[in-house]
2 protein chains.
Amino acid sequence: MVDKPPAGEKKPQRLGVREIAKRVGVAPMTVSRALSNPDMVSPETRAKVLEAIEQAGFVPNRLASSMRGNGRMIGTVVPPLINSGIAEQVQGMSDECHESGYSMLLVQGEFTQEAEESSIRNLLGWRPVGMILQSFVQSETARALLKSSGAPVVEISEIKGRKPIDMVVGVSNFETAYAMTMHLAAKGYKRIGFVSTPIHGNDRLRQRRTGYHAALTELGIKNHADMEVEVPITAQGGAEALVTLTSRHKDIDAIFFSSDTLAVGAVQECHRRRWAVPGRIAIAGYGDMDLAAQLYPPLTTVKVNRYEMGRRAVRQLLARLGGDTKVPTITSLGFEIVDRESA
Amino acid sequence: MVDKPPAGEKKPQRLGVREIAKRVGVAPMTVSRALSNPDMVSPETRAKVLEAIEQAGFVPNRLASSMRGNGRMIGTVVPPLINSGIAEQVQGMSDECHESGYSMLLVQGEFTQEAEESSIRNLLGWRPVGMILQSFVQSETARALLKSSGAPVVEISEIKGRKPIDMVVGVSNFETAYAMTMHLAAKGYKRIGFVSTPIHGNDRLRQRRTGYHAALTELGIKNHADMEVEVPITAQGGAEALVTLTSRHKDIDAIFFSSDTLAVGAVQECHRRRWAVPGRIAIAGYGDMDLAAQLYPPLTTVKVNRYEMGRRAVRQLLARLGGDTKVPTITSLGFEIVDRESA
DNA sequence: TTGACAAATTATAATATTATAATCTTAATA
DNA sequence: TATTAAGATTATAATATTATAATTTGTCAA
């Protein structure tokens, strides 16, 4: 009761179109239009409104717009940003969103099925106009929620295999890995190992391994499970994998790492052991990270344009939202085998 | 008119507390409470409500909650995620947000003052309950907007110098750089160069340079501007900086890089030139990235816990939002000089 | 001077949730 | 049996915006 203002005093109106309208002497709707449909307002009125807005430091409430169905928010769930190429992808998404006036709601983490589900649920609570997800969504409940939300969904993922919820943007991880394995074979390597970060639940990695297997089969090389290792996505992981594989197989002459981070770590281990790369062992990576070209020796790797993938994903969503009915369901970005000196 | 449903037919009610309430035969308010104040609802009612929610696949609309003042969204503006330690910070923020049921609205990019201002304006449109910004906000307009928004603000930045808008979390970049420079001097290096990514507009980098200068002065070394270079934050940048400095000064014996990414690039250049590190030249970095310890030779660097910084920033915000009035205005996280073999 | 038409503006209602105040139940006490 | 209190539930109003329909204003021609 102490705080209650005296009867006559008008309470300090919160800053909204209503208040701006009052100050200019016009209806709230006119203020709204001055901002979003300038053509429907006379130039003079518009000028007065914009000035009042500027003057008051008014920032339109996007929550309310969103509730009325003018939302401009995209939700996204991504794996950990460190050491993977995800950071570049997020940058691509963010840039594209920003340029189109959209905002990006981000959840990041290492997800079990339940965690993934709860993250998606959280995001959907904000009623985003579109969702971008990494990898295929595992949880059936989550898939159902996404579908019934009505928002278009882009999965940035392996482009072949399981049926997408809606749209997919990505590369054929199978083909990239197949191509690299063939490339190594063509360069004369006979015993090629494969190192990956944990594959469980990750389509992309699984497809890479499958591509590696397919190439070996085609080459008439019997593929030994003990030519493969899974390690955490760190430089140390790469170094350890190198040690494991080379001590298992004295004659191994090349290792294909499913991530540049691992390959770089392995190269360091070779330096420590005074092993020539590729003389003693050839090393190939995946991703073409910034360091790859500068590494000593320069890293042979698979180049995938992650930044562009991020941008494309957003562009697909926006196209769909813009009413474009013939947005492709599957968008495959190309890849490139970058042949450098490490293999 | 074709679409209009026949008169008697009830239009398909959108899924909201209202609809759930109708199905359970209870008031909307009760549904709301079943979710957010379970204690105020009888166990039986609550069970029925939760079942109906589950059954219908209802996801509460956070926009509407937010409008009523129950928002749980934090806005953040960060520099590019690639090659800097920012990804770890974002991971920290995301984890902490997620654990507390908050969502993170992220804008990422390389910002001029105007772009920074527009990004902040965009975020504020969503009425976040708190904001986390990198570095001190430059634009006066943006600072005003932030202040008048009433949301608590954490700047993750240099902890000394300019007056923060609200709270700061960070380290003293001055001290870290001072300490590293002194460390190098103590190890016997006489001519120490400094390489940084573009300093303009970045407090943290400026403070690092200042710390480097202060140390030189204290050591009685006259500091030459041509012992410093600015390069882009890439491995190549680091390599180029090494070339530039060593050709300018034949007697330079150590280089302190303001980022591990640069230092790693420089080490590769040394390998190409068959220069011993630290025999021919010592290399020190900043950040202690994953690769630093695995690098050949292992990288001497400044370790700052960026992940923890991100978590702390969010925790400070939440504490303040939780009504804690004695949240510290300035939080300094410690640092560590990690002495390895490269210097 | 009236009518027709377009342009500009205003009024209304709808979006989904929840704090608050009001009401209804039930049980315990006098 | 009436009274009181606590617990559970419901009714009301408020949050800010905008599509739509309705109204006002102005211009031109008949």
# chains A, B, ... in the order shown; residues from 1 in each chain; ligands from 1
$ select_by_dssp --residues "region 140-264 of chain B" --states "helix (DSSP H, G or I)" --output "PyMOL selection string"
chain B and resi 140-149+173-186+203-218+225-227+235-248+260-264
$ residues_around --residues "Ala115 (chain A)" --least-positions-apart "6" --cutoff "10 Å" --atoms "only C-alpha atoms (C1' of nucleotides)" --output "PyMOL selection string"
chain A and resi 109+121+139
$ write_last_selection --atoms "all heavy atoms" --output "PDB file, in the first residue's frame"
ATOM      1  N   GLY A 109      25.143 -29.508 -26.702  1.00  0.00           N
ATOM      2  CA  GLY A 109      25.531 -30.513 -25.731  1.00  0.00           C
ATOM      3  C   GLY A 109      25.685 -31.885 -26.334  1.00  0.00           C
ATOM      4  O   GLY A 109      25.391 -32.114 -27.498  1.00  0.00           O
ATOM      5  N   ARG A 121      12.056 -30.307 -26.754  1.00  0.00           N
ATOM      6  CA  ARG A 121      10.833 -29.859 -26.103  1.00  0.00           C
ATOM      7  C   ARG A 121      10.994 -28.410 -25.622  1.00  0.00           C
ATOM      8  O   ARG A 121      10.119 -27.569 -25.828  1.00  0.00           O
ATOM      9  CB  ARG A 121      10.510 -30.783 -24.923  1.00  0.00           C
ATOM     10  CG  ARG A 121       9.098 -30.678 -24.398  1.00  0.00           C
ATOM     11  CD  ARG A 121       8.952 -31.541 -23.167  1.00  0.00           C
ATOM     12  NE  ARG A 121       9.025 -32.976 -23.453  1.00  0.00           N
ATOM     13  CZ  ARG A 121       7.954 -33.714 -23.786  1.00  0.00           C
ATOM     14  NH1 ARG A 121       6.762 -33.160 -23.852  1.00  0.00           N
ATOM     15  NH2 ARG A 121       8.089 -34.995 -24.033  1.00  0.00           N
ATOM     16  N   SER A 139      14.964 -39.997 -30.975  1.00  0.00           N
ATOM     17  CA  SER A 139      13.772 -40.293 -30.192  1.00  0.00           C
ATOM     18  C   SER A 139      12.490 -40.162 -31.002  1.00  0.00           C
ATOM     19  O   SER A 139      12.229 -39.162 -31.654  1.00  0.00           O
ATOM     20  CB  SER A 139      13.739 -39.343 -28.996  1.00  0.00           C
ATOM     21  OG  SER A 139      12.425 -38.996 -28.688  1.00  0.00           O
TER      22      SER A 139
END
$ interface_residues --of "chain B" --to "chain C" --cutoff "7 Å" --atoms "only C-alpha atoms (C1' of nucleotides)" --output "list in words"
Gly16, Asn61, Ala64, Ser65 and Arg68 of chain B
$ closest_residue --among "B:Leu15, B:Val304, B:Leu219, B:Val90" --to "Ser149 (chain A)" --atoms "only C-alpha atoms"
B:Leu15
$ closest_atom_pairs --of "chain B" --to "chain D" --cutoff "9 Å" --atoms "only C-alpha atoms (C1' of nucleotides)" --output "JSON lines"
{"residue": "B:Val26", "atom": "CA", "partner": "D:DT9", "partner_atom": "C1'", "distance": 8.2}
{"residue": "B:Ala27", "atom": "CA", "partner": "D:DT10", "partner_atom": "C1'", "distance": 6.2}
{"residue": "B:Pro28", "atom": "CA", "partner": "D:DT10", "partner_atom": "C1'", "distance": 8.8}
{"residue": "B:Met29", "atom": "CA", "partner": "D:DT10", "partner_atom": "C1'", "distance": 7.8}
{"residue": "B:Thr30", "atom": "CA", "partner": "D:DT9", "partner_atom": "C1'", "distance": 7.2}
{"residue": "B:Met40", "atom": "CA", "partner": "D:DA8", "partner_atom": "C1'", "distance": 7.5}
{"residue": "B:Val41", "atom": "CA", "partner": "D:DA8", "partner_atom": "C1'", "distance": 6.7}
{"residue": "B:Ser42", "atom": "CA", "partner": "D:DA8", "partner_atom": "C1'", "distance": 7.0}
{"residue": "B:Ala64", "atom": "CA", "partner": "D:DT15", "partner_atom": "C1'", "distance": 8.2}
{"residue": "B:Ser66", "atom": "CA", "partner": "D:DT15", "partner_atom": "C1'", "distance": 8.7}
{"residue": "B:Met67", "atom": "CA", "partner": "D:DT15", "partner_atom": "C1'", "distance": 5.1}
{"residue": "B:Arg68", "atom": "CA", "partner": "D:DT15", "partner_atom": "C1'", "distance": 5.1}
{"residue": "B:Gly69", "atom": "CA", "partner": "D:DT15", "partner_atom": "C1'", "distance": 7.8}
$ residues_around --residues "region 224-235 of chain A" --least-positions-apart "4" --cutoff "8 Å" --atoms "only C-alpha atoms (C1' of nucleotides)" --output "JSON, numbers by chain"
{"A": [83, 84, 192, 193, 194, 195, 196, 197, 198, 199, 239, 240, 241, 245, 248, 249, 259, 261, 262, 263, 264, 265, 266], "B": [290, 291, 294]}
$ closest_residue --among "A:Ile337, A:Ala144, A:Ala185, A:Val171" --to "chain B" --atoms "only C-alpha atoms"
A:Ala144
$ closest_residue --among "B:Ala56, B:Leu133, B:Leu105, B:Met93" --to "chain A" --atoms "only C-alpha atoms"
B:Leu105
$ interface_residues --of "chain A" --to "chain B" --cutoff "7 Å" --atoms "only C-alpha atoms" --output "ChimeraX atom specification"
/A:57,59-63,67,80-82,87-88,91,94,104-108,121,125-127,145,234-236,265,268,271-272,290-291,294-296
$ select_by_dssp --residues "region 155-311 of chain B" --states "strand (DSSP E)" --output "PDB file with N, CA, C and O atoms, in the first residue's frame"
ATOM      1  N   GLU B 155      29.240  -8.838 -18.480  1.00  0.00           N
ATOM      2  CA  GLU B 155      30.217  -8.722 -19.537  1.00  0.00           C
ATOM      3  C   GLU B 155      31.351  -9.686 -19.214  1.00  0.00           C
ATOM      4  O   GLU B 155      31.894  -9.672 -18.115  1.00  0.00           O
ATOM      5  N   ILE B 156      31.684 -10.549 -20.174  1.00  0.00           N
ATOM      6  CA  ILE B 156      32.816 -11.444 -19.993  1.00  0.00           C
ATOM      7  C   ILE B 156      33.976 -10.727 -20.645  1.00  0.00           C
ATOM      8  O   ILE B 156      33.998 -10.558 -21.858  1.00  0.00           O
ATOM      9  N   MET B 167      27.730  -6.253 -14.315  1.00  0.00           N
ATOM     10  CA  MET B 167      28.676  -7.186 -13.706  1.00  0.00           C
ATOM     11  C   MET B 167      29.743  -7.591 -14.736  1.00  0.00           C
ATOM     12  O   MET B 167      29.493  -7.553 -15.923  1.00  0.00           O
ATOM     13  N   VAL B 168      30.888  -8.012 -14.253  1.00  0.00           N
ATOM     14  CA  VAL B 168      31.926  -8.516 -15.148  1.00  0.00           C
ATOM     15  C   VAL B 168      32.439  -9.838 -14.613  1.00  0.00           C
ATOM     16  O   VAL B 168      32.579 -10.020 -13.406  1.00  0.00           O
ATOM     17  N   VAL B 169      32.716 -10.734 -15.527  1.00  0.00           N
ATOM     18  CA  VAL B 169      33.390 -11.976 -15.182  1.00  0.00           C
ATOM     19  C   VAL B 169      34.581 -12.070 -16.115  1.00  0.00           C
ATOM     20  O   VAL B 169      34.459 -11.807 -17.303  1.00  0.00           O
ATOM     21  N   GLY B 170      35.721 -12.422 -15.599  1.00  0.00           N
ATOM     22  CA  GLY B 170      36.876 -12.539 -16.485  1.00  0.00           C
ATOM     23  C   GLY B 170      38.172 -12.681 -15.735  1.00  0.00           C
ATOM     24  O   GLY B 170      38.184 -13.037 -14.556  1.00  0.00           O
ATOM     25  N   ILE B 192      62.081 -10.431 -26.569  1.00  0.00           N
ATOM     26  CA  ILE B 192      60.780 -11.098 -26.631  1.00  0.00           C
ATOM     27  C   ILE B 192      59.803 -10.325 -27.502  1.00  0.00           C
ATOM     28  O   ILE B 192      59.508  -9.162 -27.230  1.00  0.00           O
ATOM     29  N   GLY B 193      59.324 -10.972 -28.542  1.00  0.00           N
ATOM     30  CA  GLY B 193      58.351 -10.331 -29.421  1.00  0.00           C
ATOM     31  C   GLY B 193      56.923 -10.623 -28.983  1.00  0.00           C
ATOM     32  O   GLY B 193      56.675 -11.504 -28.151  1.00  0.00           O
ATOM     33  N   PHE B 194      55.990  -9.883 -29.561  1.00  0.00           N
ATOM     34  CA  PHE B 194      54.585 -10.053 -29.187  1.00  0.00           C
ATOM     35  C   PHE B 194      53.714 -10.058 -30.442  1.00  0.00           C
ATOM     36  O   PHE B 194      53.809  -9.157 -31.274  1.00  0.00           O
ATOM     37  N   VAL B 195      52.901 -11.095 -30.565  1.00  0.00           N
ATOM     38  CA  VAL B 195      52.021 -11.196 -31.733  1.00  0.00           C
ATOM     39  C   VAL B 195      50.580 -11.301 -31.255  1.00  0.00           C
ATOM     40  O   VAL B 195      50.272 -12.085 -30.366  1.00  0.00           O
ATOM     41  N   SER B 196      49.753 -10.501 -31.872  1.00  0.00           N
ATOM     42  CA  SER B 196      48.363 -10.478 -31.439  1.00  0.00           C
ATOM     43  C   SER B 196      47.429 -10.497 -32.637  1.00  0.00           C
ATOM     44  O   SER B 196      47.809 -10.178 -33.750  1.00  0.00           O
ATOM     45  N   GLU B 228      56.395  -6.052 -32.404  1.00  0.00           N
ATOM     46  CA  GLU B 228      54.992  -6.476 -32.308  1.00  0.00           C
ATOM     47  C   GLU B 228      54.359  -6.555 -33.694  1.00  0.00           C
ATOM     48  O   GLU B 228      54.671  -5.749 -34.550  1.00  0.00           O
ATOM     49  N   VAL B 229      53.485  -7.522 -33.873  1.00  0.00           N
ATOM     50  CA  VAL B 229      52.724  -7.630 -35.130  1.00  0.00           C
ATOM     51  C   VAL B 229      51.285  -8.001 -34.809  1.00  0.00           C
ATOM     52  O   VAL B 229      51.018  -8.671 -33.807  1.00  0.00           O
ATOM     53  N   GLU B 230      50.393  -7.584 -35.688  1.00  0.00           N
ATOM     54  CA  GLU B 230      49.011  -8.042 -35.601  1.00  0.00           C
ATOM     55  C   GLU B 230      48.708  -8.886 -36.830  1.00  0.00           C
ATOM     56  O   GLU B 230      49.024  -8.491 -37.946  1.00  0.00           O
ATOM     57  N   ALA B 254      62.463 -15.112 -28.464  1.00  0.00           N
ATOM     58  CA  ALA B 254      61.184 -15.657 -27.980  1.00  0.00           C
ATOM     59  C   ALA B 254      60.034 -14.823 -28.531  1.00  0.00           C
ATOM     60  O   ALA B 254      60.178 -13.616 -28.728  1.00  0.00           O
ATOM     61  N   ILE B 255      58.923 -15.506 -28.775  1.00  0.00           N
ATOM     62  CA  ILE B 255      57.727 -14.775 -29.214  1.00  0.00           C
ATOM     63  C   ILE B 255      56.544 -15.243 -28.385  1.00  0.00           C
ATOM     64  O   ILE B 255      56.311 -16.435 -28.201  1.00  0.00           O
ATOM     65  N   PHE B 256      55.828 -14.243 -27.893  1.00  0.00           N
ATOM     66  CA  PHE B 256      54.637 -14.504 -27.096  1.00  0.00           C
ATOM     67  C   PHE B 256      53.433 -14.233 -27.998  1.00  0.00           C
ATOM     68  O   PHE B 256      53.241 -13.097 -28.437  1.00  0.00           O
ATOM     69  N   PHE B 257      52.673 -15.264 -28.278  1.00  0.00           N
ATOM     70  CA  PHE B 257      51.488 -15.126 -29.133  1.00  0.00           C
ATOM     71  C   PHE B 257      50.242 -14.980 -28.273  1.00  0.00           C
ATOM     72  O   PHE B 257      50.074 -15.721 -27.300  1.00  0.00           O
ATOM     73  N   ALA B 282      61.996 -19.447 -28.992  1.00  0.00           N
ATOM     74  CA  ALA B 282      60.998 -19.959 -28.055  1.00  0.00           C
ATOM     75  C   ALA B 282      59.620 -19.434 -28.437  1.00  0.00           C
ATOM     76  O   ALA B 282      59.485 -18.304 -28.901  1.00  0.00           O
ATOM     77  N   ILE B 283      58.619 -20.280 -28.233  1.00  0.00           N
ATOM     78  CA  ILE B 283      57.247 -19.915 -28.600  1.00  0.00           C
ATOM     79  C   ILE B 283      56.327 -20.089 -27.389  1.00  0.00           C
ATOM     80  O   ILE B 283      56.337 -21.140 -26.756  1.00  0.00           O
ATOM     81  N   ALA B 284      55.540 -19.059 -27.114  1.00  0.00           N
ATOM     82  CA  ALA B 284      54.549 -19.176 -26.046  1.00  0.00           C
ATOM     83  C   ALA B 284      53.189 -18.763 -26.588  1.00  0.00           C
ATOM     84  O   ALA B 284      53.092 -17.900 -27.454  1.00  0.00           O
ATOM     85  N   GLY B 285      52.151 -19.389 -26.076  1.00  0.00           N
ATOM     86  CA  GLY B 285      50.806 -19.102 -26.565  1.00  0.00           C
ATOM     87  C   GLY B 285      49.890 -18.587 -25.466  1.00  0.00           C
ATOM     88  O   GLY B 285      50.343 -18.182 -24.391  1.00  0.00           O
ATOM     89  N   TYR B 286      48.612 -18.642 -25.742  1.00  0.00           N
ATOM     90  CA  TYR B 286      47.623 -18.132 -24.800  1.00  0.00           C
ATOM     91  C   TYR B 286      46.331 -18.915 -24.983  1.00  0.00           C
ATOM     92  O   TYR B 286      45.782 -18.945 -26.083  1.00  0.00           O
ATOM     93  N   THR B 300      54.168 -23.954 -24.239  1.00  0.00           N
ATOM     94  CA  THR B 300      54.077 -23.139 -23.030  1.00  0.00           C
ATOM     95  C   THR B 300      52.998 -22.103 -23.281  1.00  0.00           C
ATOM     96  O   THR B 300      52.993 -21.445 -24.324  1.00  0.00           O
ATOM     97  N   THR B 301      52.067 -21.990 -22.331  1.00  0.00           N
ATOM     98  CA  THR B 301      50.928 -21.119 -22.622  1.00  0.00           C
ATOM     99  C   THR B 301      50.274 -20.614 -21.344  1.00  0.00           C
ATOM    100  O   THR B 301      50.624 -21.031 -20.242  1.00  0.00           O
ATOM    101  N   VAL B 302      49.328 -19.716 -21.510  1.00  0.00           N
ATOM    102  CA  VAL B 302      48.554 -19.194 -20.390  1.00  0.00           C
ATOM    103  C   VAL B 302      47.247 -19.957 -20.349  1.00  0.00           C
ATOM    104  O   VAL B 302      46.547 -20.019 -21.351  1.00  0.00           O
ATOM    105  N   LYS B 303      46.972 -20.554 -19.203  1.00  0.00           N
ATOM    106  CA  LYS B 303      45.730 -21.318 -19.122  1.00  0.00           C
ATOM    107  C   LYS B 303      44.640 -20.498 -18.447  1.00  0.00           C
ATOM    108  O   LYS B 303      44.791 -20.052 -17.316  1.00  0.00           O
ATOM    109  N   VAL B 304      43.565 -20.325 -19.171  1.00  0.00           N
ATOM    110  CA  VAL B 304      42.417 -19.605 -18.629  1.00  0.00           C
ATOM    111  C   VAL B 304      41.229 -20.521 -18.818  1.00  0.00           C
ATOM    112  O   VAL B 304      41.056 -21.101 -19.875  1.00  0.00           O
TER     113      VAL B 304
END
$ atom_distance --atom1 "CA of Leu321 (chain A)" --atom2 "CA of Met309 (chain A)"
18.4 Å
$ atom_distance --atom1 "CA of Gln316 (chain A)" --atom2 "CA of Val129 (chain A)"
12.5 Å
$ atom_distance --atom1 "CA of Gly287 (chain A)" --atom2 "CA of Ser172 (chain A)"
13.5 Å
